[in-house]
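Step one of this worksheet: look at the structure below.
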Amino acid sequence: MPAPGLTTRALQTEMLVLQPTPFCNLDCSYCYLPQRHLRARMAPATARLAARRLRDEGLLGDELTVVWHAGEPLVLPPAYYEAAFAAVADGLGGAAIRLTHAIQTNATLLDEAWCDFLQRHRVAVGISVDGPAALHDRHRRTRRGAGTHAAVERAIARLQARGLPFHAIAVVTADTLADPDAFYDWFERRGITELGCNIDEAEGPHPASSLAGAAPGPGHEAAHAAFLARLLERSRQGRVVVRELAAAWRLLRQPPPAGALNPQTRPLAIVSVAHDGGFSTFSPELLGQAAPAWGGFVLGNVHQGGFRAALQREPFAGLWRDIAAGVAACEQACPWFALCGGGAPVNKWYERGSFAATETLYCRSMVQRPLAAVLRRAEIDLGLAA
Ligand code: SF4
């Protein structure tokens with residue numbers, strides 16, 4: 001029997017997150033990865049099996065993005081990915097889909113050989129960089145405590161010299177909020193035109209966000225609202241597209257159908273597979289976290305059984321019950337629901353202790369405030385507000 005309220009026929013996977021290794025060569029202050037000291041690696045056979053199961057279980061649509069993440073992907077050499085990409089293609093077995101490989105990297109190991117590989121395979125590249133050196137080096141450090149900004153700048157220059165496209169993702173901490181112009185200027189000066197602004201999130205081994213401030217104080221949310229409003233003004237006049245604000249404009253212009261809005265709350269829309277074949281769904285950040293009550297959020301292992309079969313048993317059934325309850329509660333309580341779809345389960349769990357919860361610091365920062373900033377600007381443009 002499927003879990004209550006779940007229609008398994010309509011399930012479709014948009015994103016397959018593969019963990020080539022849990023290891024990371026850095027030790028950033030806000031990192032959520034619990035096993036980043038572990039030098040294990042995924043066998044290509046595991047990647048092949050994950051892709052094969054998606055195909056054989058009828059979970060593929062027209063497009064699939066394979067994201068190599070949940071550790072620093074570039075600590076393994078390009079030769080590893082030659083074999084792993086071939087294994088994924090073999091697993092998909094000629095399925096008629098648009099396949100994109102994507103990596104999110106700290107870029108400290110990105111050399112010419114990597115540029116060759118990324119170019120050859122048209123990999124979608126995301127570079128983690130927090131803006132000016134002082135901000136970046138305060139949080140993004142090596143295991144010996146040295147800053148990494150100079151290495152990331154070299155990698156960016158390398159990609160740009162080769163004409164290879166990439167986007168940047170910054171983590172916005174309380175430190176970032178003081179000077180939005182210096183932050184924006186850094187990306188514009190480097191010729192970076194696509195910027196995602198994540199926030200410092202409370203997740204896994206990083207239990208508190210700097211944006212939340214010291215309980216029970218108000219934290220830094222008003223400052224974050226002002227920061228976003230300033231980024232909006234700058235990006236309207238400049239060349240840097242800020243992902244959250246651009247997404248908010250798109251949502252307001254053309255809200256997607258409710259069922260397509262939020263892959264983090266749709267079973268198997270995102271499938272995350274760990275280096276050893278253990279798999280999870282919903283928020284990718286759940287993979288590998290210590291959560292004994294939920295079996296570490298591991299729903300099964302691709303070497304032992306399929307994705308659909310895992311939906312018939314615990315811990316999926318309990319997870320789905322609580323996540324669906326959280327989405328229903330959001331729908332009842334939140335005026336932003338039609339543009340959000342019920343938020344990110346991982347943040348509900350780590351901030352509120354329950355998947356059935358509603359509002360979080362994360363959703364206020366990443367959903368509500370960008371939408372509010374854009375709405376306010378639209379009202380001013382239309383002469384409805386001063
Ligand atoms: S914005 Fe927050 S409270 Fe509103 S629907 Fe999304 S997750 Fe729920």
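Identifiers for the structure tokens are assigned positionally: chains receive A, B, ... in sequence, residues are indexed from 1 per chain, and ligands are indexed from 1 in the order shown.
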Those of region 179-335 of chain A in DSSP strand (DSSP E or B), formatted as a ChimeraX atom specification: /A:194-199,203,206,241-242,270-273,278-281,300-301
Limited to C-alpha atoms, could you put the picked residues into a file as an mmCIF file, in the first residue's frame?
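What landed in result_33.cif:
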```cif
data_model
loop_
_atom_site.group_PDB
_atom_site.id
_atom_site.type_symbol
_atom_site.label_atom_id
_atom_site.label_comp_id
_atom_site.auth_asym_id
_atom_site.auth_seq_id
_atom_site.Cartn_x
_atom_site.Cartn_y
_atom_site.Cartn_z
ATOM 1 C CA GLU A 194 24.309 35.391 -12.175
ATOM 2 C CA LEU A 195 24.325 35.404 -8.395
ATOM 3 C CA GLY A 196 22.410 33.246 -5.933
ATOM 4 C CA CYS A 197 22.169 34.616 -2.404
ATOM 5 C CA ASN A 198 21.676 31.739 0.009
ATOM 6 C CA ILE A 199 21.493 32.478 3.700
ATOM 7 C CA GLU A 203 21.288 22.711 9.531
ATOM 8 C CA HIS A 206 25.743 23.941 12.114
ATOM 9 C CA VAL A 241 21.001 39.129 -11.894
ATOM 10 C CA VAL A 242 20.207 38.141 -8.306
ATOM 11 C CA ILE A 270 14.535 15.193 -6.067
ATOM 12 C CA VAL A 271 16.358 11.915 -5.467
ATOM 13 C CA SER A 272 19.586 12.150 -3.479
ATOM 14 C CA VAL A 273 21.995 9.207 -3.512
ATOM 15 C CA GLY A 278 21.781 5.019 0.355
ATOM 16 C CA PHE A 279 19.094 7.339 -0.934
ATOM 17 C CA SER A 280 16.710 10.008 0.259
ATOM 18 C CA THR A 281 14.231 12.480 -1.211
ATOM 19 C CA GLY A 300 16.730 2.596 0.992
ATOM 20 C CA ASN A 301 19.836 1.675 -0.968
#
```
Region 160-165 of chain A: which residues within 12 Å, counting only C-alpha atoms, same-chain residues fewer than 2 positions away excluded, as an MDAnalysis selection string? chainID A and resid 102 111:127 153:158 167:168 190:194
Quick one: which chain A residues come within 10 Å of ligand 1, and what is the nearest atom pair for each with the distance in Å to one decimal, counting only C-alpha atoms and all ligand atoms, rows ordered by chain and ascending number, as CSV?
```
residue,atom,partner,partner_atom_place_in_ligand_line,distance
A:Asn262,CA,ligand 1,6 (Fe),9.6
A:Gly326,CA,ligand 1,8 (Fe),7.7
A:Val327,CA,ligand 1,8 (Fe),6.8
A:Ala328,CA,ligand 1,8 (Fe),8.9
A:Ala329,CA,ligand 1,8 (Fe),7.6
A:Cys330,CA,ligand 1,8 (Fe),4.2
A:Glu331,CA,ligand 1,5 (S),6.2
A:Gln332,CA,ligand 1,5 (S),8.8
A:Ala333,CA,ligand 1,3 (S),7.1
A:Cys334,CA,ligand 1,4 (Fe),4.5
A:Pro335,CA,ligand 1,4 (Fe),6.6
A:Trp336,CA,ligand 1,4 (Fe),5.0
A:Phe337,CA,ligand 1,5 (S),3.8
A:Ala338,CA,ligand 1,5 (S),7.3
A:Leu339,CA,ligand 1,5 (S),7.6
A:Cys340,CA,ligand 1,6 (Fe),4.6
A:Gly341,CA,ligand 1,5 (S),5.5
A:Gly342,CA,ligand 1,5 (S),4.0
A:Gly343,CA,ligand 1,7 (S),3.3
A:Ala344,CA,ligand 1,7 (S),6.4
A:Pro345,CA,ligand 1,7 (S),8.4
A:Asn347,CA,ligand 1,7 (S),9.0
A:Lys348,CA,ligand 1,7 (S),8.1
A:Ala357,CA,ligand 1,8 (Fe),8.2
A:Thr358,CA,ligand 1,3 (S),4.7
A:Glu359,CA,ligand 1,3 (S),3.7
A:Thr360,CA,ligand 1,2 (Fe),6.1
A:Leu361,CA,ligand 1,2 (Fe),8.4
A:Tyr362,CA,ligand 1,2 (Fe),7.8
A:Cys363,CA,ligand 1,2 (Fe),4.5
A:Arg364,CA,ligand 1,1 (S),6.2
A:Ser365,CA,ligand 1,1 (S),9.0
A:Met366,CA,ligand 1,1 (S),8.4
A:Val367,CA,ligand 1,1 (S),5.6
A:Gln368,CA,ligand 1,1 (S),5.5
A:Arg369,CA,ligand 1,1 (S),9.1
A:Leu371,CA,ligand 1,1 (S),9.6
```
Next, the residues of the selection above should be written as a short mmCIF file (atom, residue, chain, number, x, y, z; two decimals), in the first residue's frame with C-alpha atoms.
```cif
data_model
loop_
_atom_site.label_atom_id
_atom_site.label_comp_id
_atom_site.auth_asym_id
_atom_site.auth_seq_id
_atom_site.Cartn_x
_atom_site.Cartn_y
_atom_site.Cartn_z
CA ASN A 262 8.06 23.07 -4.99
CA GLY A 326 3.42 20.94 7.08
CA VAL A 327 2.40 21.85 3.54
CA ALA A 328 -1.28 21.75 4.53
CA ALA A 329 -0.56 23.96 7.56
CA CYS A 330 1.31 26.43 5.34
CA GLU A 331 -1.64 26.51 2.96
CA GLN A 332 -3.96 27.37 5.84
CA ALA A 333 -1.75 29.97 7.49
CA CYS A 334 0.47 31.69 4.98
CA PRO A 335 -0.45 34.38 2.46
CA TRP A 336 2.61 33.45 0.37
CA PHE A 337 1.64 29.81 -0.05
CA ALA A 338 0.57 30.08 -3.71
CA LEU A 339 4.07 31.35 -4.54
CA CYS A 340 5.97 29.01 -2.23
CA GLY A 341 4.26 25.64 -2.06
CA GLY A 342 5.14 24.95 1.55
CA GLY A 343 8.84 25.66 1.98
CA ALA A 344 11.87 23.49 2.61
CA PRO A 345 11.35 20.45 4.85
CA ASN A 347 14.67 23.94 7.44
CA LYS A 348 11.39 23.11 9.18
CA ALA A 357 5.76 23.10 11.06
CA THR A 358 5.17 26.19 8.93
CA GLU A 359 7.25 29.37 8.91
CA THR A 360 11.04 29.41 9.29
CA LEU A 361 13.86 31.94 9.18
CA TYR A 362 14.78 30.29 5.89
CA CYS A 363 11.40 30.86 4.25
CA ARG A 364 11.13 34.41 5.55
CA SER A 365 14.58 35.12 4.10
CA MET A 366 14.49 33.17 0.84
CA VAL A 367 10.80 33.33 -0.11
CA GLN A 368 8.83 35.99 1.74
CA ARG A 369 11.30 38.88 1.78
CA LEU A 371 8.69 38.55 -2.88
#
```
Which distance in Å separates CA of Gly204 (chain A) and CA of Val67 (chain A), to one decimal? 20.4 Å
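Nearest-residue note for His224 (chain A): choosing from A:Ala325, A:Val240, A:Ala373, A:Ala96, the minimum distance belongs to A:Ala373, counting only C-alpha atoms.
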Within 10 Å of Ala269 (chain A) using only C-alpha atoms, minus same-chain residues under 4 positions, as a PyMOL selection string: chain A and resi 11-16+59-60+260+262-265+281-283
Those residues you just picked out, can you put them in a file as a short mmCIF file (atom, residue, chain, number, x, y, z; two decimals), in the first residue's frame with C-alpha atoms?
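Done, and the output landed in again_7.cif:
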```cif
data_model
loop_
_atom_site.label_atom_id
_atom_site.label_comp_id
_atom_site.auth_asym_id
_atom_site.auth_seq_id
_atom_site.Cartn_x
_atom_site.Cartn_y
_atom_site.Cartn_z
CA LEU A 11 5.78 10.71 -9.65
CA GLN A 12 8.59 12.21 -11.71
CA THR A 13 12.23 12.93 -10.89
CA GLU A 14 13.64 16.31 -11.99
CA MET A 15 16.92 16.21 -10.13
CA LEU A 16 19.26 13.38 -9.21
CA LEU A 59 10.42 8.18 -13.08
CA LEU A 60 12.00 10.12 -15.93
CA ALA A 260 5.06 22.24 -10.27
CA ASN A 262 8.06 23.07 -4.99
CA PRO A 263 10.09 19.91 -5.72
CA GLN A 264 11.25 19.72 -2.09
CA THR A 265 7.75 18.70 -1.00
CA THR A 281 14.23 12.48 -1.21
CA PHE A 282 12.67 15.87 -0.40
CA SER A 283 15.39 18.39 0.63
#
```
Give me, as number ranges by chain, all polymer residues having an atom no more than 10 Å from Pro77 (chain A), counting only C-alpha atoms and skipping those fewer than 2 positions away in the same chain. A: 73-75, 79-82, 109, 113-114, 117
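Nearest residue to Ile103 (chain A) among A:Ala47, A:Ala170, A:Leu18, A:Ala309 is A:Leu18, counting only C-alpha atoms.
The spacing separating CA of Val346 (chain A) from CA of Leu33 (chain A) amounts to 13.0 Å.
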Residue set, region 153-327 of chain A restricted to helix (DSSP H, G or I), as a ChimeraX atom specification: /A:153-161,174-178,180-189,210-212,221-237,243-253,258-260,263-265,284-286,292-297,307-310,316-327
